[in-house]
>>> print(open('run-v8.txt').read())   # compact mmCIF, C-alpha atoms and all ligand atoms
# COMPACT_ATOMS: atom_id res chain seq x y z
CA MET A 13 124.29 126.34 122.48
CA LYS A 14 122.37 123.11 123.19
CA ALA A 15 118.58 123.31 123.13
CA THR A 16 116.69 122.48 126.31
CA HIS A 17 113.82 120.86 124.40
CA PRO A 18 114.03 117.47 122.64
CA VAL A 19 114.94 117.18 118.95
CA ALA A 20 113.59 114.64 116.44
CA LEU A 21 114.84 113.82 112.93
CA VAL A 22 112.09 112.43 110.67
CA THR A 23 113.31 111.10 107.32
CA GLY A 24 111.08 111.47 104.26
CA SER A 25 109.00 114.10 106.03
CA THR A 26 107.84 116.50 103.31
CA SER A 27 104.96 114.21 102.28
CA GLY A 28 102.64 111.40 103.36
CA ILE A 29 103.24 109.62 106.64
CA GLY A 30 106.53 111.40 107.41
CA ALA A 31 104.88 114.84 107.20
CA ALA A 32 102.16 113.73 109.65
CA ILE A 33 104.81 112.36 112.06
CA ALA A 34 106.78 115.63 111.87
CA ARG A 35 103.63 117.67 112.51
CA ARG A 36 102.66 115.48 115.47
CA LEU A 37 106.09 115.58 117.14
CA SER A 38 106.26 119.33 116.57
CA ALA A 39 102.86 119.74 118.27
CA GLU A 40 104.22 117.68 121.19
CA GLY A 41 107.07 120.14 121.72
CA PHE A 42 109.90 118.65 119.68
CA SER A 43 112.15 120.69 117.48
CA VAL A 44 112.03 118.79 114.21
CA VAL A 45 114.64 118.16 111.53
CA LEU A 46 112.73 117.59 108.27
CA HIS A 47 114.29 115.65 105.42
CA SER A 48 113.57 114.56 101.85
CA ARG A 49 115.46 113.44 98.80
CA GLN A 50 114.34 116.19 96.41
CA SER A 51 111.57 118.56 97.48
CA VAL A 52 113.74 121.36 98.90
CA GLU A 53 111.16 124.16 98.49
CA ALA A 54 108.44 122.08 100.18
CA GLY A 55 110.85 121.19 103.00
CA LEU A 56 111.90 124.79 103.65
CA GLY A 57 108.25 125.94 103.53
CA PHE A 58 107.15 123.20 105.93
CA ALA A 59 109.98 124.12 108.34
CA ARG A 60 108.80 127.74 108.36
CA GLU A 61 105.22 126.58 108.98
CA LEU A 62 106.19 124.38 111.96
CA GLY A 63 108.32 127.08 113.57
CA SER A 64 110.95 125.23 115.57
CA ALA A 65 112.06 123.12 112.60
CA THR A 66 114.79 122.92 110.00
CA TYR A 67 115.17 121.04 106.72
CA VAL A 68 118.01 118.94 105.27
CA GLN A 69 118.05 117.47 101.74
CA ALA A 70 119.84 114.12 101.41
CA ASP A 71 119.73 111.12 99.08
CA LEU A 72 119.63 108.10 101.38
CA SER A 73 121.03 105.80 98.67
CA ASN A 74 124.33 107.68 99.11
CA ASP A 75 126.42 107.09 102.25
CA ALA A 76 128.10 110.52 102.11
CA ASP A 77 124.61 112.08 102.17
CA ARG A 78 123.60 109.88 105.14
CA ILE A 79 126.68 111.12 107.04
CA ARG A 80 125.92 114.76 106.16
CA LEU A 81 122.26 114.34 107.18
CA ILE A 82 123.15 113.15 110.69
CA ASP A 83 125.93 115.78 111.03
CA GLU A 84 123.55 118.60 110.06
CA ALA A 85 120.66 117.21 112.11
CA THR A 86 122.74 117.01 115.30
CA ALA A 87 124.35 120.41 114.64
CA ALA A 88 120.96 122.14 114.21
CA TRP A 89 120.18 122.28 117.96
CA GLY A 90 123.27 120.56 119.39
CA ARG A 91 121.35 117.39 120.32
CA LEU A 92 119.27 114.56 118.87
CA ASP A 93 116.76 112.61 120.99
CA VAL A 94 114.61 110.80 118.44
CA LEU A 95 115.30 109.34 114.98
CA VAL A 96 112.28 108.29 112.91
CA ASN A 97 113.35 106.21 109.90
CA ASN A 98 110.27 106.82 107.77
CA ALA A 99 111.73 107.22 104.26
CA GLY A 100 111.19 104.16 102.13
CA ILE A 101 110.47 103.04 98.61
CA SER A 102 108.10 100.47 97.16
CA ARG A 103 107.69 98.64 93.86
CA VAL A 104 104.34 97.11 92.86
CA ILE A 105 105.04 93.69 91.28
CA PRO A 106 102.56 90.77 91.27
CA HIS A 107 104.02 88.11 93.58
CA ALA A 108 103.72 85.41 90.90
CA ASP A 109 105.74 87.44 88.37
CA LEU A 110 109.17 86.30 89.53
CA ASP A 111 110.99 87.63 86.44
CA ALA A 112 109.84 91.21 87.13
CA ALA A 113 111.55 91.18 90.54
CA THR A 114 115.01 91.73 89.03
CA PRO A 115 118.28 91.92 91.01
CA ASP A 116 118.18 95.69 90.41
CA VAL A 117 114.80 95.99 92.13
CA TRP A 118 116.08 93.88 95.05
CA HIS A 119 119.23 96.01 95.44
CA GLN A 120 117.42 99.38 95.24
CA LEU A 121 114.77 98.44 97.80
CA HIS A 122 117.32 96.85 100.14
CA GLU A 123 119.57 99.93 100.04
CA ILE A 124 116.80 102.41 100.97
CA ASN A 125 114.57 100.25 103.20
CA VAL A 126 117.23 98.33 105.17
CA VAL A 127 120.78 99.65 104.75
CA ALA A 128 119.86 103.35 105.05
CA PRO A 129 117.87 103.09 108.32
CA PHE A 130 120.59 100.88 109.85
CA ARG A 131 123.32 103.34 108.80
CA LEU A 132 121.40 106.33 110.18
CA VAL A 133 121.12 104.58 113.56
CA ALA A 134 124.85 103.78 113.48
CA LEU A 135 125.71 107.38 112.61
CA ALA A 136 123.31 108.85 115.20
CA GLN A 137 124.29 106.41 117.93
CA SER A 138 126.58 108.73 119.93
CA ALA A 139 124.06 111.61 119.82
CA LEU A 140 121.22 109.28 120.90
CA ARG A 141 123.37 107.94 123.77
CA GLU A 142 123.79 111.51 125.03
CA ALA A 143 119.99 111.66 125.33
CA ALA A 144 120.20 108.86 127.90
CA GLU A 145 122.82 110.83 129.84
CA ARG A 146 120.30 113.69 130.03
CA GLY A 147 117.78 111.33 131.67
CA ARG A 148 115.67 109.72 128.92
CA PRO A 149 116.83 106.96 126.56
CA GLY A 150 117.44 107.91 122.95
CA CYS A 151 114.69 106.63 120.68
CA VAL A 152 114.52 105.14 117.20
CA VAL A 153 111.24 104.37 115.43
CA ASN A 154 111.40 102.55 112.10
CA VAL A 155 108.41 102.72 109.76
CA SER A 156 108.15 99.21 108.33
CA SER A 157 104.95 97.54 107.03
CA HIS A 158 102.41 94.83 107.77
CA ALA A 159 103.94 93.28 104.62
CA GLY A 160 107.03 92.59 106.74
CA VAL A 161 104.94 90.62 109.21
CA ARG A 162 102.55 88.68 106.93
CA PRO A 163 103.09 87.23 103.42
CA LYS A 164 101.43 90.24 101.75
CA GLY A 165 102.38 93.57 100.20
CA ALA A 166 103.20 95.48 97.03
CA SER A 167 105.88 92.99 95.95
CA ILE A 168 108.01 90.19 97.36
CA PRO A 169 111.19 92.33 97.41
CA TYR A 170 109.31 95.14 99.24
CA ALA A 171 107.84 92.74 101.82
CA ALA A 172 111.25 91.10 102.35
CA THR A 173 112.94 94.46 103.01
CA LYS A 174 110.30 95.35 105.60
CA ALA A 175 110.68 91.93 107.27
CA ALA A 176 114.43 92.60 107.38
CA LEU A 177 113.78 96.03 108.90
CA ASN A 178 111.60 94.45 111.59
CA HIS A 179 114.38 92.01 112.46
CA VAL A 180 116.99 94.81 112.44
CA THR A 181 114.67 96.66 114.84
CA ARG A 182 114.72 93.78 117.34
CA LEU A 183 118.46 93.15 116.95
CA LEU A 184 119.28 96.83 117.53
CA ALA A 185 116.89 97.02 120.47
CA LEU A 186 118.90 94.27 122.12
CA SER A 187 122.31 95.74 121.20
CA LEU A 188 121.62 99.35 122.14
CA ALA A 189 119.57 98.98 125.36
CA PRO A 190 119.29 100.55 127.85
CA ALA A 191 120.68 103.78 126.36
CA ILE A 192 118.65 103.68 123.14
CA ARG A 193 115.17 102.18 122.52
CA VAL A 194 114.40 100.84 119.04
CA ASN A 195 110.84 100.07 117.88
CA ALA A 196 108.87 99.91 114.64
CA VAL A 197 105.40 100.80 113.44
CA ALA A 198 104.12 98.40 110.77
CA PRO A 199 101.23 100.11 108.92
CA GLY A 200 98.73 98.33 106.72
CA LEU A 201 97.22 100.46 103.97
CA VAL A 202 97.62 104.20 104.58
CA ASP A 203 95.84 106.87 102.51
CA THR A 204 98.74 108.78 100.92
CA PRO A 205 99.37 109.98 97.34
CA LEU A 206 101.43 106.77 96.91
CA THR A 207 98.37 104.53 97.43
CA ALA A 208 95.70 106.76 95.81
CA ASP A 209 95.17 104.29 92.92
CA TRP A 210 95.55 101.02 94.89
CA THR A 211 91.84 100.27 94.43
CA ASP A 212 92.01 96.54 95.33
CA ALA A 213 93.75 97.28 98.63
CA GLN A 214 91.29 100.09 99.38
CA ARG A 215 88.36 97.73 98.83
CA LEU A 216 90.00 95.08 101.02
CA TRP A 217 90.41 97.49 103.94
CA LYS A 218 86.90 98.92 103.54
CA GLU A 219 85.19 95.53 103.35
CA ARG A 220 87.36 93.11 105.37
CA SER A 221 89.30 95.00 108.03
CA PRO A 222 87.58 95.21 111.43
CA MET A 223 88.01 99.02 111.46
CA ARG A 224 86.50 99.20 107.94
CA ARG A 225 88.99 101.75 106.59
CA ALA A 226 92.60 102.38 105.67
CA ALA A 227 94.74 104.35 108.13
CA SER A 228 95.23 108.07 107.77
CA PRO A 229 98.80 109.38 108.00
CA GLU A 230 97.73 110.89 111.36
CA ASP A 231 96.78 107.41 112.68
CA ILE A 232 100.34 106.25 111.98
CA ALA A 233 101.82 109.43 113.45
CA GLN A 234 99.85 108.74 116.63
CA ALA A 235 101.32 105.20 116.82
CA VAL A 236 104.83 106.62 116.36
CA ALA A 237 104.18 109.25 119.07
CA LEU A 238 103.02 106.50 121.42
CA LEU A 239 106.31 104.62 121.01
CA VAL A 240 108.28 107.85 121.39
CA ALA A 241 106.42 108.71 124.62
CA SER A 242 107.18 105.44 126.39
CA ASP A 243 110.54 105.16 128.18
CA TYR A 244 110.14 101.40 128.56
CA LEU A 245 109.01 99.85 125.26
CA THR A 246 111.79 98.47 123.10
CA GLY A 247 111.99 95.85 120.34
CA GLU A 248 108.27 96.14 119.57
CA ILE A 249 106.78 95.93 116.09
CA LEU A 250 103.47 97.77 116.43
CA LEU A 251 101.15 96.42 113.74
CA SER A 252 98.80 99.26 112.72
CA ASP A 253 96.48 97.66 110.16
CA GLY A 254 92.98 98.29 111.58
CA GLY A 255 92.87 94.64 112.63
CA LEU A 256 93.08 93.18 109.10
CA ASN A 257 95.54 90.53 110.33
CA LEU A 258 92.78 89.08 112.53
CA THR A 259 90.61 88.13 109.54
P1 LIG A 301 105.90 108.76 100.33
O1 LIG A 301 106.38 108.35 98.97
O2 LIG A 301 104.98 109.93 100.46
O3 LIG A 301 107.14 109.00 101.31
C1 LIG A 301 108.36 108.38 101.14
C2 LIG A 301 109.45 109.33 101.54
O4 LIG A 301 110.70 108.64 101.40
C3 LIG A 301 109.52 110.59 100.66
O5 LIG A 301 109.58 111.74 101.47
C4 LIG A 301 110.84 110.43 99.91
O6 LIG A 301 111.53 111.67 99.74
C5 LIG A 301 111.63 109.50 100.82
N1 LIG A 301 112.62 108.78 100.04
C6 LIG A 301 112.42 107.80 99.12
N2 LIG A 301 113.60 107.47 98.55
C7 LIG A 301 114.54 108.25 99.13
C8 LIG A 301 115.95 108.41 98.96
N3 LIG A 301 116.66 107.71 98.06
N4 LIG A 301 116.59 109.32 99.72
C9 LIG A 301 115.91 110.06 100.61
N5 LIG A 301 114.59 109.96 100.82
C10 LIG A 301 113.92 109.08 100.07
O7 LIG A 301 105.23 107.45 100.94
P2 LIG A 301 104.53 107.10 102.34
O8 LIG A 301 103.37 106.26 101.99
O9 LIG A 301 104.33 108.29 103.20
O10 LIG A 301 105.64 106.11 102.99
C11 LIG A 301 106.38 106.39 104.17
C12 LIG A 301 106.85 105.07 104.78
O11 LIG A 301 105.71 104.30 105.15
C13 LIG A 301 107.67 104.19 103.82
O12 LIG A 301 108.73 103.59 104.55
C14 LIG A 301 106.67 103.14 103.38
O13 LIG A 301 107.29 101.92 103.00
C15 LIG A 301 105.84 102.98 104.65
N6 LIG A 301 104.51 102.40 104.45
C16 LIG A 301 103.56 103.05 103.70
C17 LIG A 301 102.30 102.46 103.56
C18 LIG A 301 101.20 103.10 102.77
O14 LIG A 301 100.14 102.47 102.59
N7 LIG A 301 101.35 104.35 102.30
C19 LIG A 301 102.02 101.23 104.17
C20 LIG A 301 103.02 100.61 104.93
C21 LIG A 301 104.26 101.21 105.07
>>> encode(input="run-v8.txt", output="structure tokens")
Amino acid sequence: MKATHPVALVTGSTSGIGAAIARRLSAEGFSVVLHSRQSVEAGLGFARELGSATYVQADLSNDADRIRLIDEATAAWGRLDVLVNNAGISRVIPHADLDAATPDVWHQLHEINVVAPFRLVALAQSALREAAERGRPGCVVNVSSHAGVRPKGASIPYAATKAALNHVTRLLALSLAPAIRVNAVAPGLVDTPLTADWTDAQRLWKERSPMRRAASPEDIAQAVALLVASDYLTGEILLSDGGLNLT
């Protein structure tokens, strides 16, 4: 039987930013499909904690897993209204060290940060179109990075994949409207386990950014929720960097 409440799939949602997004959408009345590559126990435990939630393990570097993820996510409640492409990987490489940015690094980052989110939208397209038939457009939010907007970031390959994701966001917004809206949130530094030892970046945000701090995962979840709530915004890249880009 199809659920009467909306359903959101959040990729990479057992930790960091994805977990905060899942918690936020759950609090706003969504049934949530949680996902991660490995942490099955954490995913199942988090689903129990949220209540109306389920968990699917899938390796997004593998297309068969991408297909299974969307199949299981849409089967869970018989509908899918929102897809949040949050899962992503980074590599820290000084920008001047061109030799360290090997073809392997480029291919790995491109597969997870660009190909996977695009494929998930393609696979979820028919389910998201059904959302529009129920009265509200389907919604995709991609989690990209300020590094995809400005010449900054953990490495050149990472920044280039996030710039590609921003462009894919705009291209899909144009192709899929009006049935499906596609937007992105582009965070600056966010306090997660991933960035715990990025001391230079932490100092930069504390001393230079107008808001004088890095974002919390909840700040980014709020920006995602804002894009989900609007039935009109599409093709937007919402820079969420505490104003650092102004300096
Ligand atoms: P994180 O490492 O806690 O989360 C990344 C998630 O992606 C994990 O849940 C992981 O399971 C998933 N993932 C990675 N590779 C995968 C694969 N092959 N298959 C399936 N899932 C995979 O990091 P985070 O900081 O919460 O990052 C979340 C998103 O935010 C990423 O897209 C990242 O690029 C972006 N971002 C983070 C920051 C920051 O400062 N933390 C800044 C800008 C953008």
>>> residues_near_ligand(input="run-v8.txt", ligand="ligand LIG 301 (chain A)", cutoff="7 Å", atoms="only C-alpha atoms and all ligand atoms", output="ChimeraX atom specification")
/A:23-30,48-50,70-73,98-102,124-125,155-158,198-207
>>> atom_distance(input="run-v8.txt", atom1="atom CA of Gly150 of chain A", atom2="atom CA of Asp243 of chain A")
9.1 Å
>>> closest_residue(input="run-v8.txt", among="A:Gln120, A:Ser38, A:Ser138, A:Ser221", to="Ile82 of chain A", atoms="all atoms listed in the file")
A:Ser138
>>> residues_near_point(input="run-v8.txt", point="(115.0, 110.1, 114.9)", cutoff="7 Å", atoms="all atoms listed in the file", output="list in words")
Ala20, Leu21, Val22, Asp93, Val94, Leu95, Val96, Asn97, Cys151, Val152 and Val153 of chain A
>>> atom_distance(input="run-v8.txt", atom1="atom CA of Arg220 of chain A", atom2="atom CA of Asp253 of chain A")
11.3 Å
>>> atom_distance(input="run-v8.txt", atom1="atom CA of Lys174 of chain A", atom2="atom CA of Gly160 of chain A")
4.4 Å
>>> residues_near_point(input="run-v8.txt", point="(116.1, 101.3, 125.8)", cutoff="8 Å", atoms="all atoms listed in the file", output="PyMOL selection string")
chain A and resi 149-151+185+188-194+243-246
>>> closest_residue(input="run-v8.txt", among="A:Trp217, A:Ile232, A:Leu239, A:Arg131", to="Gly255 of chain A", atoms="all atoms listed in the file")
A:Trp217
>>> closest_residue(input="run-v8.txt", among="A:Leu250, A:Ala136, A:Ala233, A:Ile105", to="Glu40 of chain A", atoms="all atoms listed in the file")
A:Ala233
>>> decode(input="run-v8.txt", residues="segment 21-54 of chain A", atoms="N, CA and C atoms", output="PDB file, in the first residue's frame")
ATOM      1  N   LEU A  21      14.777   9.823   0.224  1.00  0.00           N
ATOM      2  CA  LEU A  21      16.000   9.010   0.278  1.00  0.00           C
ATOM      3  C   LEU A  21      17.183   9.960   0.465  1.00  0.00           C
ATOM      4  N   VAL A  22      17.984   9.727   1.500  1.00  0.00           N
ATOM      5  CA  VAL A  22      19.181  10.539   1.752  1.00  0.00           C
ATOM      6  C   VAL A  22      20.391   9.618   1.661  1.00  0.00           C
ATOM      7  N   THR A  23      21.249   9.827   0.659  1.00  0.00           N
ATOM      8  CA  THR A  23      22.416   8.950   0.537  1.00  0.00           C
ATOM      9  C   THR A  23      23.497   9.378   1.533  1.00  0.00           C
ATOM     10  N   GLY A  24      24.285   8.406   1.969  1.00  0.00           N
ATOM     11  CA  GLY A  24      25.368   8.698   2.920  1.00  0.00           C
ATOM     12  C   GLY A  24      24.836   9.288   4.198  1.00  0.00           C
ATOM     13  N   SER A  25      23.806   8.645   4.789  1.00  0.00           N
ATOM     14  CA  SER A  25      23.090   9.310   5.884  1.00  0.00           C
ATOM     15  C   SER A  25      23.293   8.660   7.246  1.00  0.00           C
ATOM     16  N   THR A  26      24.343   7.849   7.417  1.00  0.00           N
ATOM     17  CA  THR A  26      24.589   7.315   8.763  1.00  0.00           C
ATOM     18  C   THR A  26      25.598   8.158   9.525  1.00  0.00           C
ATOM     19  N   SER A  27      26.174   9.195   8.857  1.00  0.00           N
ATOM     20  CA  SER A  27      27.149  10.045   9.551  1.00  0.00           C
ATOM     21  C   SER A  27      27.074  11.468   9.016  1.00  0.00           C
ATOM     22  N   GLY A  28      27.769  12.373   9.713  1.00  0.00           N
ATOM     23  CA  GLY A  28      28.003  13.733   9.222  1.00  0.00           C
ATOM     24  C   GLY A  28      26.757  14.474   8.742  1.00  0.00           C
ATOM     25  N   ILE A  29      26.912  15.124   7.605  1.00  0.00           N
ATOM     26  CA  ILE A  29      25.856  15.987   7.072  1.00  0.00           C
ATOM     27  C   ILE A  29      24.604  15.177   6.716  1.00  0.00           C
ATOM     28  N   GLY A  30      24.806  14.005   6.130  1.00  0.00           N
ATOM     29  CA  GLY A  30      23.666  13.171   5.707  1.00  0.00           C
ATOM     30  C   GLY A  30      22.793  12.778   6.879  1.00  0.00           C
ATOM     31  N   ALA A  31      23.417  12.452   8.023  1.00  0.00           N
ATOM     32  CA  ALA A  31      22.631  12.072   9.209  1.00  0.00           C
ATOM     33  C   ALA A  31      21.792  13.255   9.682  1.00  0.00           C
ATOM     34  N   ALA A  32      22.367  14.458   9.650  1.00  0.00           N
ATOM     35  CA  ALA A  32      21.611  15.655  10.077  1.00  0.00           C
ATOM     36  C   ALA A  32      20.447  15.926   9.118  1.00  0.00           C
ATOM     37  N   ILE A  33      20.671  15.713   7.817  1.00  0.00           N
ATOM     38  CA  ILE A  33      19.586  15.917   6.832  1.00  0.00           C
ATOM     39  C   ILE A  33      18.464  14.912   7.091  1.00  0.00           C
ATOM     40  N   ALA A  34      18.839  13.652   7.322  1.00  0.00           N
ATOM     41  CA  ALA A  34      17.826  12.610   7.569  1.00  0.00           C
ATOM     42  C   ALA A  34      17.009  12.936   8.821  1.00  0.00           C
ATOM     43  N   ARG A  35      17.706  13.380   9.867  1.00  0.00           N
ATOM     44  CA  ARG A  35      17.027  13.719  11.122  1.00  0.00           C
ATOM     45  C   ARG A  35      16.055  14.882  10.916  1.00  0.00           C
ATOM     46  N   ARG A  36      16.506  15.876  10.164  1.00  0.00           N
ATOM     47  CA  ARG A  36      15.685  17.066   9.909  1.00  0.00           C
ATOM     48  C   ARG A  36      14.421  16.703   9.101  1.00  0.00           C
ATOM     49  N   LEU A  37      14.610  15.950   8.009  1.00  0.00           N
ATOM     50  CA  LEU A  37      13.453  15.602   7.171  1.00  0.00           C
ATOM     51  C   LEU A  37      12.493  14.692   7.940  1.00  0.00           C
ATOM     52  N   SER A  38      13.045  13.826   8.778  1.00  0.00           N
ATOM     53  CA  SER A  38      12.192  12.968   9.611  1.00  0.00           C
ATOM     54  C   SER A  38      11.351  13.827  10.557  1.00  0.00           C
ATOM     55  N   ALA A  39      11.995  14.831  11.177  1.00  0.00           N
ATOM     56  CA  ALA A  39      11.274  15.727  12.101  1.00  0.00           C
ATOM     57  C   ALA A  39      10.199  16.522  11.366  1.00  0.00           C
ATOM     58  N   GLU A  40      10.390  16.721  10.048  1.00  0.00           N
ATOM     59  CA  GLU A  40       9.403  17.475   9.262  1.00  0.00           C
ATOM     60  C   GLU A  40       8.314  16.567   8.692  1.00  0.00           C
ATOM     61  N   GLY A  41       8.310  15.300   9.075  1.00  0.00           N
ATOM     62  CA  GLY A  41       7.208  14.429   8.700  1.00  0.00           C
ATOM     63  C   GLY A  41       7.465  13.489   7.534  1.00  0.00           C
ATOM     64  N   PHE A  42       8.705  13.458   7.051  1.00  0.00           N
ATOM     65  CA  PHE A  42       9.038  12.524   5.981  1.00  0.00           C
ATOM     66  C   PHE A  42       9.313  11.138   6.548  1.00  0.00           C
ATOM     67  N   SER A  43       8.934  10.116   5.812  1.00  0.00           N
ATOM     68  CA  SER A  43       9.523   8.800   6.026  1.00  0.00           C
ATOM     69  C   SER A  43      10.858   8.827   5.305  1.00  0.00           C
ATOM     70  N   VAL A  44      11.885   8.290   5.939  1.00  0.00           N
ATOM     71  CA  VAL A  44      13.232   8.458   5.401  1.00  0.00           C
ATOM     72  C   VAL A  44      13.863   7.111   5.072  1.00  0.00           C
ATOM     73  N   VAL A  45      14.453   7.032   3.874  1.00  0.00           N
ATOM     74  CA  VAL A  45      15.275   5.876   3.516  1.00  0.00           C
ATOM     75  C   VAL A  45      16.726   6.282   3.751  1.00  0.00           C
ATOM     76  N   LEU A  46      17.357   5.632   4.741  1.00  0.00           N
ATOM     77  CA  LEU A  46      18.759   5.894   5.072  1.00  0.00           C
ATOM     78  C   LEU A  46      19.635   5.004   4.202  1.00  0.00           C
ATOM     79  N   HIS A  47      20.852   5.469   3.963  1.00  0.00           N
ATOM     80  CA  HIS A  47      21.768   4.683   3.122  1.00  0.00           C
ATOM     81  C   HIS A  47      23.209   4.929   3.550  1.00  0.00           C
ATOM     82  N   SER A  48      24.046   3.909   3.415  1.00  0.00           N
ATOM     83  CA  SER A  48      25.501   4.100   3.514  1.00  0.00           C
ATOM     84  C   SER A  48      26.187   2.977   2.763  1.00  0.00           C
ATOM     85  N   ARG A  49      27.488   3.119   2.622  1.00  0.00           N
ATOM     86  CA  ARG A  49      28.242   2.095   1.898  1.00  0.00           C
ATOM     87  C   ARG A  49      28.510   0.892   2.782  1.00  0.00           C
ATOM     88  N   GLN A  50      28.793   1.122   4.086  1.00  0.00           N
ATOM     89  CA  GLN A  50      29.286   0.029   4.926  1.00  0.00           C
ATOM     90  C   GLN A  50      28.585  -0.140   6.262  1.00  0.00           C
ATOM     91  N   SER A  51      28.255   0.961   6.915  1.00  0.00           N
ATOM     92  CA  SER A  51      27.881   0.906   8.338  1.00  0.00           C
ATOM     93  C   SER A  51      26.447   0.421   8.522  1.00  0.00           C
ATOM     94  N   VAL A  52      26.246  -0.901   8.310  1.00  0.00           N
ATOM     95  CA  VAL A  52      24.907  -1.492   8.358  1.00  0.00           C
ATOM     96  C   VAL A  52      24.294  -1.391   9.746  1.00  0.00           C
ATOM     97  N   GLU A  53      25.075  -1.740  10.779  1.00  0.00           N
ATOM     98  CA  GLU A  53      24.540  -1.704  12.155  1.00  0.00           C
ATOM     99  C   GLU A  53      24.092  -0.288  12.525  1.00  0.00           C
ATOM    100  N   ALA A  54      24.957   0.698  12.209  1.00  0.00           N
ATOM    101  CA  ALA A  54      24.616   2.100  12.513  1.00  0.00           C
ATOM    102  C   ALA A  54      23.352   2.508  11.755  1.00  0.00           C
TER     103      ALA A  54
END
